[in-house]
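Peer 1: My structure is in coords.cif, and what it holds is mmCIF, C-alpha atoms and all ligand atoms:
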data_upload
loop_
_atom_site.group_PDB
_atom_site.id
_atom_site.type_symbol
_atom_site.label_atom_id
_atom_site.label_comp_id
_atom_site.auth_asym_id
_atom_site.auth_seq_id
_atom_site.Cartn_x
_atom_site.Cartn_y
_atom_site.Cartn_z
ATOM 1 C CA MET A 1 -20.875 -4.110 12.292
ATOM 2 C CA ARG A 2 -21.908 -1.131 14.322
ATOM 3 C CA ASP A 3 -21.514 0.008 17.893
ATOM 4 C CA LEU A 4 -18.371 -2.042 18.364
ATOM 5 C CA THR A 5 -16.846 -2.079 21.828
ATOM 6 C CA SER A 6 -13.440 -2.961 23.218
ATOM 7 C CA ASP A 7 -14.881 -6.419 23.809
ATOM 8 C CA THR A 8 -16.172 -7.012 20.275
ATOM 9 C CA ILE A 9 -13.806 -5.106 17.955
ATOM 10 C CA THR A 10 -11.143 -7.822 17.750
ATOM 11 C CA GLU A 11 -13.503 -10.475 16.385
ATOM 12 C CA ALA A 12 -15.080 -7.872 14.126
ATOM 13 C CA VAL A 13 -11.759 -7.005 12.505
ATOM 14 C CA ILE A 14 -10.855 -10.665 12.055
ATOM 15 C CA SER A 15 -14.245 -11.366 10.477
ATOM 16 C CA THR A 16 -13.456 -8.865 7.706
ATOM 17 C CA MET A 17 -10.549 -11.036 6.601
ATOM 18 C CA ARG A 18 -12.414 -14.311 6.190
ATOM 19 C CA GLU A 19 -12.093 -14.148 2.389
ATOM 20 C CA THR A 20 -8.281 -14.133 2.491
ATOM 21 C CA LYS A 21 -7.268 -16.665 -0.162
ATOM 22 C CA ASP A 22 -3.813 -17.614 1.089
ATOM 23 C CA PRO A 23 -4.319 -19.670 4.301
ATOM 24 C CA ARG A 24 -0.887 -18.696 5.641
ATOM 25 C CA VAL A 25 -1.584 -14.989 5.118
ATOM 26 C CA ALA A 26 -4.933 -15.478 6.875
ATOM 27 C CA GLU A 27 -3.238 -17.202 9.821
ATOM 28 C CA ILE A 28 -0.598 -14.487 10.172
ATOM 29 C CA LEU A 29 -3.068 -11.590 9.915
ATOM 30 C CA GLU A 30 -5.499 -13.070 12.434
ATOM 31 C CA SER A 31 -2.715 -13.679 14.941
ATOM 32 C CA LEU A 32 -1.300 -10.212 14.319
ATOM 33 C CA VAL A 33 -4.643 -8.559 15.033
ATOM 34 C CA ARG A 34 -5.208 -10.647 18.165
ATOM 35 C CA HIS A 35 -1.751 -9.892 19.575
ATOM 36 C CA LEU A 36 -1.849 -6.222 18.603
ATOM 37 C CA HIS A 37 -5.215 -5.703 20.254
ATOM 38 C CA ALA A 38 -4.106 -7.679 23.305
ATOM 39 C CA PHE A 39 -1.024 -5.456 23.569
ATOM 40 C CA VAL A 40 -3.129 -2.271 23.396
ATOM 41 C CA ARG A 41 -5.456 -3.607 26.095
ATOM 42 C CA ASP A 42 -2.595 -4.873 28.232
ATOM 43 C CA VAL A 43 -0.824 -1.516 28.514
ATOM 44 C CA GLY A 44 -3.990 0.577 28.259
ATOM 45 C CA LEU A 45 -2.488 2.540 25.367
ATOM 46 C CA THR A 46 -3.467 6.232 25.433
ATOM 47 C CA GLU A 47 -4.091 8.388 22.356
ATOM 48 C CA ASP A 48 -0.870 10.322 23.007
ATOM 49 C CA GLU A 49 1.113 7.106 23.250
ATOM 50 C CA TRP A 50 -0.520 5.789 20.077
ATOM 51 C CA ALA A 51 0.503 9.006 18.278
ATOM 52 C CA ARG A 52 4.063 8.670 19.568
ATOM 53 C CA GLY A 53 4.183 5.096 18.297
ATOM 54 C CA VAL A 54 2.923 6.137 14.871
ATOM 55 C CA ASP A 55 5.507 8.938 14.777
ATOM 56 C CA PHE A 56 8.284 6.514 15.787
ATOM 57 C CA LEU A 57 7.397 4.033 13.044
ATOM 58 C CA THR A 58 6.981 6.823 10.485
ATOM 59 C CA ARG A 59 10.456 8.151 11.230
ATOM 60 C CA THR A 60 11.870 4.624 11.205
ATOM 61 C CA GLY A 61 10.640 4.270 7.628
ATOM 62 C CA GLN A 62 11.870 7.735 6.681
ATOM 63 C CA THR A 63 15.340 6.886 8.013
ATOM 64 C CA CYS A 64 15.664 3.986 5.568
ATOM 65 C CA SER A 65 17.677 4.562 2.402
ATOM 66 C CA PRO A 66 19.451 2.377 -0.182
ATOM 67 C CA THR A 67 22.373 2.094 2.267
ATOM 68 C CA ARG A 68 20.511 2.065 5.588
ATOM 69 C CA GLN A 69 17.757 -0.224 6.863
ATOM 70 C CA GLU A 70 16.366 1.147 10.120
ATOM 71 C CA PHE A 71 13.490 -1.365 10.214
ATOM 72 C CA ILE A 72 15.877 -4.338 10.138
ATOM 73 C CA LEU A 73 17.885 -2.633 12.861
ATOM 74 C CA LEU A 74 14.682 -2.235 14.896
ATOM 75 C CA SER A 75 13.949 -5.930 14.387
ATOM 76 C CA ASP A 76 17.532 -6.731 15.458
ATOM 77 C CA VAL A 77 17.460 -4.738 18.712
ATOM 78 C CA LEU A 78 14.024 -6.138 19.633
ATOM 79 C CA GLY A 79 15.383 -9.679 19.245
ATOM 80 C CA VAL A 80 12.978 -10.502 16.410
ATOM 81 C CA THR A 81 15.712 -11.233 13.860
ATOM 82 C CA MET A 82 17.400 -13.814 16.072
ATOM 83 C CA LEU A 83 14.031 -15.261 17.146
ATOM 84 C CA VAL A 84 13.073 -15.858 13.506
ATOM 85 C CA ASP A 85 16.484 -17.412 12.883
ATOM 86 C CA ASN A 86 16.099 -19.671 15.924
ATOM 87 C CA LEU A 87 12.720 -20.877 14.712
ATOM 88 C CA THR A 88 13.817 -21.284 11.086
ATOM 89 C CA ASN A 89 17.280 -22.796 11.391
ATOM 90 C CA ARG A 90 17.403 -25.507 14.001
ATOM 91 C CA ARG A 91 20.919 -26.898 13.859
ATOM 92 C CA SER A 92 21.822 -30.256 15.307
ATOM 93 C CA GLY A 93 24.990 -31.608 16.852
ATOM 94 C CA GLU A 94 28.155 -29.859 15.758
ATOM 95 C CA ALA A 95 26.574 -27.988 12.843
ATOM 96 C CA THR A 96 27.734 -24.358 12.745
ATOM 97 C CA GLU A 97 25.096 -22.020 14.128
ATOM 98 C CA ASN A 98 23.760 -18.884 12.479
ATOM 99 C CA SER A 99 23.868 -15.289 13.564
ATOM 100 C CA VAL A 100 22.455 -12.102 12.032
ATOM 101 C CA LEU A 101 23.386 -11.115 8.465
ATOM 102 C CA GLY A 102 23.598 -7.452 9.406
ATOM 103 C CA PRO A 103 23.458 -4.504 7.011
ATOM 104 C CA TYR A 104 26.991 -4.569 5.594
ATOM 105 C CA PHE A 105 26.949 -7.481 3.142
ATOM 106 C CA ARG A 106 27.603 -6.294 -0.446
ATOM 107 C CA GLU A 107 26.875 -8.128 -3.694
ATOM 108 C CA ASP A 108 29.735 -6.323 -5.470
ATOM 109 C CA ARG A 109 32.512 -8.097 -3.580
ATOM 110 C CA PRO A 110 35.626 -9.379 -5.333
ATOM 111 C CA ARG A 111 36.314 -13.061 -5.887
ATOM 112 C CA GLN A 112 39.644 -13.940 -4.350
ATOM 113 C CA ALA A 113 42.049 -16.843 -4.485
ATOM 114 C CA ALA A 114 43.266 -18.643 -1.364
ATOM 115 C CA SER A 115 45.662 -16.686 0.860
ATOM 116 C CA ALA A 116 44.719 -13.359 -0.761
ATOM 117 C CA ASP A 117 45.286 -10.160 1.198
ATOM 118 C CA ILE A 118 41.857 -8.513 1.433
ATOM 119 C CA SER A 119 42.849 -5.697 3.816
ATOM 120 C CA GLY A 120 42.776 -3.081 1.066
ATOM 121 C CA GLY A 121 46.038 -1.755 2.517
ATOM 122 C CA LEU A 122 44.283 -0.421 5.607
ATOM 123 C CA PRO A 123 46.290 -0.221 8.851
ATOM 124 C CA GLY A 124 45.714 -2.670 11.679
ATOM 125 C CA THR A 125 46.864 -5.838 13.386
ATOM 126 C CA PRO A 126 47.433 -8.454 10.639
ATOM 127 C CA LEU A 127 44.798 -11.184 10.740
ATOM 128 C CA PHE A 128 45.378 -14.597 9.199
ATOM 129 C CA PHE A 129 42.273 -16.721 8.803
ATOM 130 C CA GLU A 130 42.389 -20.444 8.101
ATOM 131 C CA GLY A 131 39.042 -22.112 7.592
ATOM 132 C CA GLN A 132 37.729 -25.486 6.577
ATOM 133 C CA VAL A 133 34.220 -26.461 5.504
ATOM 134 C CA VAL A 134 33.089 -30.015 6.244
ATOM 135 C CA ASP A 135 29.824 -31.915 6.250
ATOM 136 C CA HIS A 136 28.099 -33.444 9.294
ATOM 137 C CA GLU A 137 30.285 -36.544 8.995
ATOM 138 C CA GLY A 138 33.510 -34.546 8.830
ATOM 139 C CA ALA A 139 34.096 -34.987 5.093
ATOM 140 C CA PRO A 140 35.498 -31.902 3.326
ATOM 141 C CA VAL A 141 33.071 -29.847 1.259
ATOM 142 C CA ALA A 142 34.917 -28.749 -1.887
ATOM 143 C CA ASP A 143 33.959 -25.722 -3.971
ATOM 144 C CA ALA A 144 31.759 -24.227 -1.258
ATOM 145 C CA ALA A 145 31.159 -20.482 -1.685
ATOM 146 C CA VAL A 146 32.490 -18.603 1.338
ATOM 147 C CA ASP A 147 31.749 -14.920 1.734
ATOM 148 C CA VAL A 148 33.754 -12.972 4.280
ATOM 149 C CA TRP A 149 33.327 -9.373 5.428
ATOM 150 C CA HIS A 150 34.392 -7.419 8.488
ATOM 151 C CA SER A 151 35.181 -3.977 9.873
ATOM 152 C CA ASP A 152 38.521 -2.217 10.171
ATOM 153 C CA SER A 153 40.437 -1.335 13.343
ATOM 154 C CA ASP A 154 38.091 1.590 13.990
ATOM 155 C CA GLY A 155 34.945 -0.475 13.556
ATOM 156 C CA HIS A 156 34.182 0.865 10.060
ATOM 157 C CA TYR A 157 33.170 -1.245 7.073
ATOM 158 C CA ASP A 158 34.690 -0.346 3.686
ATOM 159 C CA MET A 159 31.772 1.860 2.588
ATOM 160 C CA GLU A 160 32.268 3.940 5.741
ATOM 161 C CA VAL A 161 36.025 4.493 5.318
ATOM 162 C CA PRO A 162 36.659 7.978 3.862
ATOM 163 C CA GLY A 163 38.546 7.919 0.561
ATOM 164 C CA LEU A 164 38.170 4.161 0.069
ATOM 165 C CA ASP A 165 36.486 3.616 -3.293
ATOM 166 C CA GLU A 166 37.071 -0.119 -3.760
ATOM 167 C CA PRO A 167 35.613 -2.990 -1.714
ATOM 168 C CA ALA A 168 37.990 -4.051 1.069
ATOM 169 C CA MET A 169 37.883 -6.430 4.010
ATOM 170 C CA ARG A 170 35.403 -8.505 2.041
ATOM 171 C CA ALA A 171 35.707 -11.238 -0.567
ATOM 172 C CA LEU A 172 34.139 -14.367 -1.997
ATOM 173 C CA PHE A 173 36.278 -17.500 -1.763
ATOM 174 C CA ARG A 174 35.863 -21.095 -2.950
ATOM 175 C CA THR A 175 37.015 -23.994 -0.825
ATOM 176 C CA ASP A 176 39.631 -26.321 -2.329
ATOM 177 C CA ASP A 177 39.378 -30.113 -2.578
ATOM 178 C CA ALA A 178 40.175 -30.423 1.138
ATOM 179 C CA GLY A 179 37.428 -27.932 2.015
ATOM 180 C CA ASN A 180 39.990 -25.289 2.955
ATOM 181 C CA PHE A 181 40.001 -21.558 2.418
ATOM 182 C CA GLY A 182 42.100 -18.796 3.903
ATOM 183 C CA PHE A 183 42.988 -15.158 3.643
ATOM 184 C CA ARG A 184 44.950 -12.336 5.162
ATOM 185 C CA SER A 185 43.354 -9.119 6.401
ATOM 186 C CA ILE A 186 43.352 -6.912 9.502
ATOM 187 C CA ARG A 187 41.762 -7.606 12.844
ATOM 188 C CA PRO A 188 38.241 -6.111 13.136
ATOM 189 C CA SER A 189 37.100 -3.945 16.022
ATOM 190 C CA SER A 190 33.896 -3.619 18.012
ATOM 191 C CA TYR A 191 31.598 -0.894 16.706
ATOM 192 C CA PRO A 192 28.325 0.857 17.570
ATOM 193 C CA ILE A 193 25.119 0.209 15.668
ATOM 194 C CA PRO A 194 23.755 3.465 14.155
ATOM 195 C CA GLY A 195 22.531 5.601 17.060
ATOM 196 C CA ASP A 196 21.387 8.752 15.264
ATOM 197 C CA GLY A 197 17.927 7.480 14.266
ATOM 198 C CA PRO A 198 14.755 6.250 15.976
ATOM 199 C CA VAL A 199 16.445 2.995 17.038
ATOM 200 C CA GLY A 200 19.126 5.080 18.754
ATOM 201 C CA GLU A 201 16.371 6.900 20.667
ATOM 202 C CA LEU A 202 14.956 3.548 21.801
ATOM 203 C CA MET A 203 18.389 2.367 22.915
ATOM 204 C CA SER A 204 19.021 5.612 24.778
ATOM 205 C CA ALA A 205 15.605 5.552 26.468
ATOM 206 C CA THR A 206 16.233 2.032 27.716
ATOM 207 C CA GLY A 207 19.839 2.619 28.763
ATOM 208 C CA ARG A 208 21.270 0.026 26.376
ATOM 209 C CA SER A 209 24.739 0.025 24.857
ATOM 210 C CA LEU A 210 25.066 0.464 21.094
ATOM 211 C CA MET A 211 28.341 -1.472 20.973
ATOM 212 C CA ARG A 212 28.535 -4.742 19.075
ATOM 213 C CA PRO A 213 31.420 -7.073 19.930
ATOM 214 C CA ALA A 214 34.037 -7.352 17.159
ATOM 215 C CA HIS A 215 33.394 -10.068 14.602
ATOM 216 C CA VAL A 216 34.171 -11.521 11.193
ATOM 217 C CA HIS A 217 31.058 -12.252 9.131
ATOM 218 C CA LEU A 218 30.850 -15.412 7.029
ATOM 219 C CA LEU A 219 28.200 -16.696 4.659
ATOM 220 C CA ILE A 220 28.760 -20.241 3.410
ATOM 221 C CA GLU A 221 26.795 -21.966 0.660
ATOM 222 C CA ALA A 222 27.207 -25.357 -1.009
ATOM 223 C CA PRO A 223 24.733 -27.445 -3.040
ATOM 224 C CA GLY A 224 22.814 -29.906 -0.868
ATOM 225 C CA PHE A 225 23.518 -28.066 2.391
ATOM 226 C CA GLN A 226 21.742 -25.442 4.458
ATOM 227 C CA ARG A 227 23.207 -21.978 4.045
ATOM 228 C CA VAL A 228 25.192 -20.769 7.048
ATOM 229 C CA THR A 229 25.062 -17.044 7.849
ATOM 230 C CA THR A 230 27.296 -16.524 10.824
ATOM 231 C CA MET A 231 30.062 -14.554 12.533
ATOM 232 C CA LEU A 232 32.994 -15.266 14.823
ATOM 233 C CA PHE A 233 33.629 -13.189 17.934
ATOM 234 C CA PRO A 234 36.926 -12.853 19.839
ATOM 235 C CA SER A 235 36.687 -14.459 23.265
ATOM 236 C CA ASP A 236 38.268 -11.419 24.974
ATOM 237 C CA ASP A 237 35.784 -8.861 23.658
ATOM 238 C CA PRO A 238 34.164 -6.749 26.432
ATOM 239 C CA TYR A 239 30.804 -6.519 24.645
ATOM 240 C CA LEU A 240 30.011 -10.223 24.238
ATOM 241 C CA ASP A 241 27.246 -10.165 26.855
ATOM 242 C CA THR A 242 25.614 -6.894 25.823
ATOM 243 C CA ASP A 243 25.345 -7.357 22.059
ATOM 244 C CA PRO A 244 22.473 -5.026 21.085
ATOM 245 C CA VAL A 245 21.295 -7.392 18.326
ATOM 246 C CA PHE A 246 21.512 -10.594 20.433
ATOM 247 C CA GLY A 247 23.735 -12.317 17.841
ATOM 248 C CA VAL A 248 26.337 -13.891 20.150
ATOM 249 C CA ARG A 249 26.290 -17.660 20.554
ATOM 250 C CA GLU A 250 28.822 -19.446 22.696
ATOM 251 C CA SER A 251 29.732 -21.724 19.784
ATOM 252 C CA LEU A 252 30.701 -18.659 17.722
ATOM 253 C CA VAL A 253 33.122 -17.223 20.296
ATOM 254 C CA GLU A 254 36.672 -18.010 19.209
ATOM 255 C CA ARG A 255 40.181 -17.380 20.472
ATOM 256 C CA TYR A 256 41.851 -14.749 18.334
ATOM 257 C CA ASP A 257 45.384 -15.921 19.134
ATOM 258 C CA THR A 258 48.185 -13.366 18.810
ATOM 259 C CA TYR A 259 51.718 -14.276 17.723
ATOM 260 C CA ALA A 260 54.971 -12.336 17.603
ATOM 261 C CA ALA A 261 56.076 -10.687 14.377
ATOM 262 C CA GLY A 262 57.681 -13.034 11.912
ATOM 263 C CA THR A 263 56.550 -15.588 9.421
ATOM 264 C CA GLY A 264 52.838 -16.209 9.661
ATOM 265 C CA PRO A 265 50.775 -19.057 8.209
ATOM 266 C CA ARG A 266 51.543 -20.086 4.616
ATOM 267 C CA GLY A 267 54.728 -18.023 4.674
ATOM 268 C CA GLY A 268 53.063 -14.629 5.027
ATOM 269 C CA ALA A 269 55.645 -12.382 6.705
ATOM 270 C CA THR A 270 54.545 -9.712 9.171
ATOM 271 C CA GLU A 271 56.552 -6.902 10.736
ATOM 272 C CA ALA A 272 54.101 -6.640 13.630
ATOM 273 C CA PRO A 273 52.426 -9.147 15.940
ATOM 274 C CA TYR A 274 49.594 -10.896 14.134
ATOM 275 C CA THR A 275 46.353 -12.647 14.980
ATOM 276 C CA LEU A 276 45.591 -16.157 13.771
ATOM 277 C CA LEU A 277 42.025 -17.363 13.596
ATOM 278 C CA ARG A 278 41.297 -20.992 12.748
ATOM 279 C CA ARG A 279 37.847 -22.455 12.409
ATOM 280 C CA THR A 280 36.054 -25.481 11.020
ATOM 281 C CA PHE A 281 32.524 -24.932 9.709
ATOM 282 C CA VAL A 282 30.127 -27.867 9.770
ATOM 283 C CA LEU A 283 27.305 -27.791 7.236
ATOM 284 C CA GLU A 284 23.997 -29.513 7.737
ATOM 285 C CA PRO A 285 22.272 -31.240 4.785
ATOM 286 C CA HIS A 286 19.073 -29.762 3.395
ATOM 287 C CA VAL A 287 16.019 -31.176 5.061
ATOM 288 C CA THR A 288 14.114 -33.341 2.565
ATOM 289 C CA ASP A 289 10.449 -34.067 3.081
HETATM 290 FE FE FE A 301 29.154 -6.604 11.428
#
Kindly present the structure from the file in structure tokens form.
Ligand SMILES: [Fe+2]
Peer 2:
Amino acid sequence: MRDLTSDTITEAVISTMRETKDPRVAEILESLVRHLHAFVRDVGLTEDEWARGVDFLTRTGQTCSPTRQEFILLSDVLGVTMLVDNLTNRRSGEATENSVLGPYFREDRPRQAASADISGGLPGTPLFFEGQVVDHEGAPVADAAVDVWHSDSDGHYDMEVPGLDEPAMRALFRTDDAGNFGFRSIRPSSYPIPGDGPVGELMSATGRSLMRPAHVHLLIEAPGFQRVTTMLFPSDDPYLDTDPVFGVRESLVERYDTYAAGTGPRGGATEAPYTLLRRTFVLEPHVTD
């Protein structure tokens, strides 16, 4: 392997990987090399541009920390996260569709009983959520694990709220025998993805908005069914069509209905107008070979 040219280097690189034991790893690496080389040829990448790319990726890695994942954010804004989800989780019929998990899920969330107030005492428009989990034939799924998390009225998750030491606006519920779960919290707000790192530079250079539409995250698991990682967006949000992570699906846009102050669902009294969000989640059985 000497005197390689732009015409022969791609096959030469691939030939060095012929001994790869795992056939799937071999397939992925060969395709990666072919596409990467094709990309370099396509744009006629210069040395300066190559150096800028290396610097960008280096800083993307250096921006990562135990509480921040800039590479996942880069994948999100390039549409790769949703593309992988689309290819991996093909839902049929009425089955609830996925969206991105995002960076704000926490393992150390409290378990809560039905109708619990998970607002952590934070100010905001009261939000009542009434959900039901059913299977593809409409039968209730009892004892499903339902994780919920969302931002506050300023678009901050609990770990970003100054002075808040305990988890809030997040909880793990179990559905009852009728597949129901519910809680009280505050209405979430739209918020920007982190813009102070390399991904922010990319967004700025391309004139894209950092603002995600408001949403409530849900992660639903039950034995025998595919896991659902999803979120629900208010239908009146101004950022639905410019979501920087491409997570909005029409089936996940919901009316966040507002009611006058008074007695809310399940007898929960409010002194201010409140929002009621109702949703049925349809699980799809595991695919068996
Ligand atoms: Fe989020």
Peer 1: Edge lengths and centre, in Å to one decimal, as lines of an AutoDock Vina configuration file: that's what I need for the box along x, y and z that holds all listed atoms of stretch 99-114 of chain A plus 8 Å on each side.
Peer 2:
center_x = 32.9
center_y = -11.6
center_z = 3.8
size_x = 36.8
size_y = 30.1
size_z = 35.5
Peer 1: Any idea what the distance is between atom CA of A:Ala260 and atom FE of ligand FE 301 (chain A)?
Peer 2: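 The value is 27.2 Å.
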Peer 1: Go through the shown structure with the PyMOL selection byres (((not hetatm)) within 12 of (chain A and resi 301)) and write out the matching residues as a PyMOL selection string.
Peer 2: chain A and resi 99-106+148-152+155-158+169-170+188-194+211-218+229-233+243-245+247-248
Peer 1: Measuring atom to atom with all atoms listed in the file, identify which of A:Pro234, A:Pro110, A:Gly267, A:Pro140 is nearest to A:Asn180.
Peer 2: A:Pro140
Peer 1: Which one of A:Arg91, A:Arg24, A:Arg208, A:Arg278 sits closest to A:Gly182 if you count only C-alpha atoms?
Peer 2: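 Of A:Arg91, A:Arg24, A:Arg208, A:Arg278, the one nearest A:Gly182 is A:Arg278, counting only C-alpha atoms.
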Peer 1: Smallest atom-to-atom distance to A:Ala171: which of A:Leu210, A:Ala114, A:Leu202, A:Val134, using all atoms listed in the file?
Peer 2: A:Ala114
Peer 1: Just the number, please: distance in Å from atom CA of A:Ser185 to atom CA of A:Leu127, one decimal.
Peer 2: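 So the two atoms, atom CA of A:Ser185 and atom CA of A:Leu127, lie 5.0 Å apart.
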Peer 1: Pick the closest to A:Asp257 from A:Thr270, A:Gln132, A:Thr58, A:Thr125: which is it, counting only C-alpha atoms?
Peer 2: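 Among the listed residues, A:Thr125 lies closest to A:Asp257.
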Peer 1: Written as a PyMOL selection string, which residues does the PyMOL selection byres (((chain A and resi 227) around 10) and not hetatm) give for the file shown?
Peer 2: chain A and resi 89+98+145+219-226+228-230+283-286
Peer 1: Kindly reconstruct stretch 64-88 of chain A with N, CA and C atoms and present the result as an mmCIF file, keeping the file's coordinate frame.
Peer 2:
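The result, stored in out.cif:
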data_model
loop_
_atom_site.group_PDB
_atom_site.id
_atom_site.type_symbol
_atom_site.label_atom_id
_atom_site.label_comp_id
_atom_site.auth_asym_id
_atom_site.auth_seq_id
_atom_site.Cartn_x
_atom_site.Cartn_y
_atom_site.Cartn_z
ATOM 1 N N CYS A 64 15.142 4.992 6.493
ATOM 2 C CA CYS A 64 15.664 3.986 5.568
ATOM 3 C C CYS A 64 16.101 4.631 4.258
ATOM 4 N N SER A 65 17.153 4.092 3.688
ATOM 5 C CA SER A 65 17.677 4.562 2.402
ATOM 6 C C SER A 65 18.299 3.358 1.703
ATOM 7 N N PRO A 66 18.802 3.525 0.473
ATOM 8 C CA PRO A 66 19.451 2.377 -0.182
ATOM 9 C C PRO A 66 20.627 1.811 0.613
ATOM 10 N N THR A 67 21.221 2.594 1.504
ATOM 11 C CA THR A 67 22.373 2.094 2.267
ATOM 12 C C THR A 67 22.080 1.967 3.760
ATOM 13 N N ARG A 68 20.833 2.185 4.164
ATOM 14 C CA ARG A 68 20.511 2.065 5.588
ATOM 15 C C ARG A 68 19.131 1.469 5.766
ATOM 16 N N GLN A 69 19.021 0.468 6.651
ATOM 17 C CA GLN A 69 17.757 -0.224 6.863
ATOM 18 C C GLN A 69 17.399 -0.153 8.350
ATOM 19 N N GLU A 70 16.693 0.927 8.711
ATOM 20 C CA GLU A 70 16.366 1.147 10.120
ATOM 21 C C GLU A 70 15.343 0.136 10.639
ATOM 22 N N PHE A 71 14.487 -0.382 9.759
ATOM 23 C CA PHE A 71 13.490 -1.365 10.214
ATOM 24 C C PHE A 71 14.155 -2.694 10.583
ATOM 25 N N ILE A 72 15.158 -3.112 9.779
ATOM 26 C CA ILE A 72 15.877 -4.338 10.138
ATOM 27 C C ILE A 72 16.629 -4.125 11.450
ATOM 28 N N LEU A 73 17.186 -2.938 11.613
ATOM 29 C CA LEU A 73 17.885 -2.633 12.861
ATOM 30 C C LEU A 73 16.914 -2.688 14.042
ATOM 31 N N LEU A 74 15.704 -2.171 13.840
ATOM 32 C CA LEU A 74 14.682 -2.235 14.896
ATOM 33 C C LEU A 74 14.346 -3.693 15.218
ATOM 34 N N SER A 75 14.194 -4.497 14.185
ATOM 35 C CA SER A 75 13.949 -5.930 14.387
ATOM 36 C C SER A 75 15.106 -6.569 15.157
ATOM 37 N N ASP A 76 16.339 -6.179 14.799
ATOM 38 C CA ASP A 76 17.532 -6.731 15.458
ATOM 39 C C ASP A 76 17.537 -6.416 16.950
ATOM 40 N N VAL A 77 17.316 -5.137 17.301
ATOM 41 C CA VAL A 77 17.460 -4.738 18.712
ATOM 42 C C VAL A 77 16.274 -5.205 19.556
ATOM 43 N N LEU A 78 15.160 -5.580 18.895
ATOM 44 C CA LEU A 78 14.024 -6.138 19.633
ATOM 45 C C LEU A 78 14.104 -7.664 19.709
ATOM 46 N N GLY A 79 15.187 -8.229 19.150
ATOM 47 C CA GLY A 79 15.383 -9.679 19.245
ATOM 48 C C GLY A 79 14.561 -10.470 18.245
ATOM 49 N N VAL A 80 13.849 -9.790 17.348
ATOM 50 C CA VAL A 80 12.978 -10.502 16.410
ATOM 51 C C VAL A 80 13.807 -11.231 15.354
ATOM 52 N N THR A 81 14.877 -10.609 14.890
ATOM 53 C CA THR A 81 15.712 -11.233 13.860
ATOM 54 C C THR A 81 16.269 -12.564 14.351
ATOM 55 N N MET A 82 16.821 -12.575 15.546
ATOM 56 C CA MET A 82 17.400 -13.814 16.072
ATOM 57 C C MET A 82 16.314 -14.831 16.431
ATOM 58 N N LEU A 83 15.134 -14.339 16.850
ATOM 59 C CA LEU A 83 14.031 -15.261 17.146
ATOM 60 C C LEU A 83 13.592 -15.984 15.878
ATOM 61 N N VAL A 84 13.458 -15.244 14.779
ATOM 62 C CA VAL A 84 13.073 -15.858 13.506
ATOM 63 C C VAL A 84 14.143 -16.858 13.069
ATOM 64 N N ASP A 85 15.401 -16.486 13.245
ATOM 65 C CA ASP A 85 16.484 -17.412 12.883
ATOM 66 C C ASP A 85 16.418 -18.681 13.735
ATOM 67 N N ASN A 86 16.181 -18.509 15.027
ATOM 68 C CA ASN A 86 16.099 -19.671 15.924
ATOM 69 C C ASN A 86 14.985 -20.618 15.507
ATOM 70 N N LEU A 87 13.858 -20.048 15.085
ATOM 71 C CA LEU A 87 12.720 -20.877 14.712
ATOM 72 C C LEU A 87 12.909 -21.508 13.339
ATOM 73 N N THR A 88 13.666 -20.834 12.471
ATOM 74 C CA THR A 88 13.817 -21.284 11.086
ATOM 75 C C THR A 88 14.960 -22.268 10.920
#
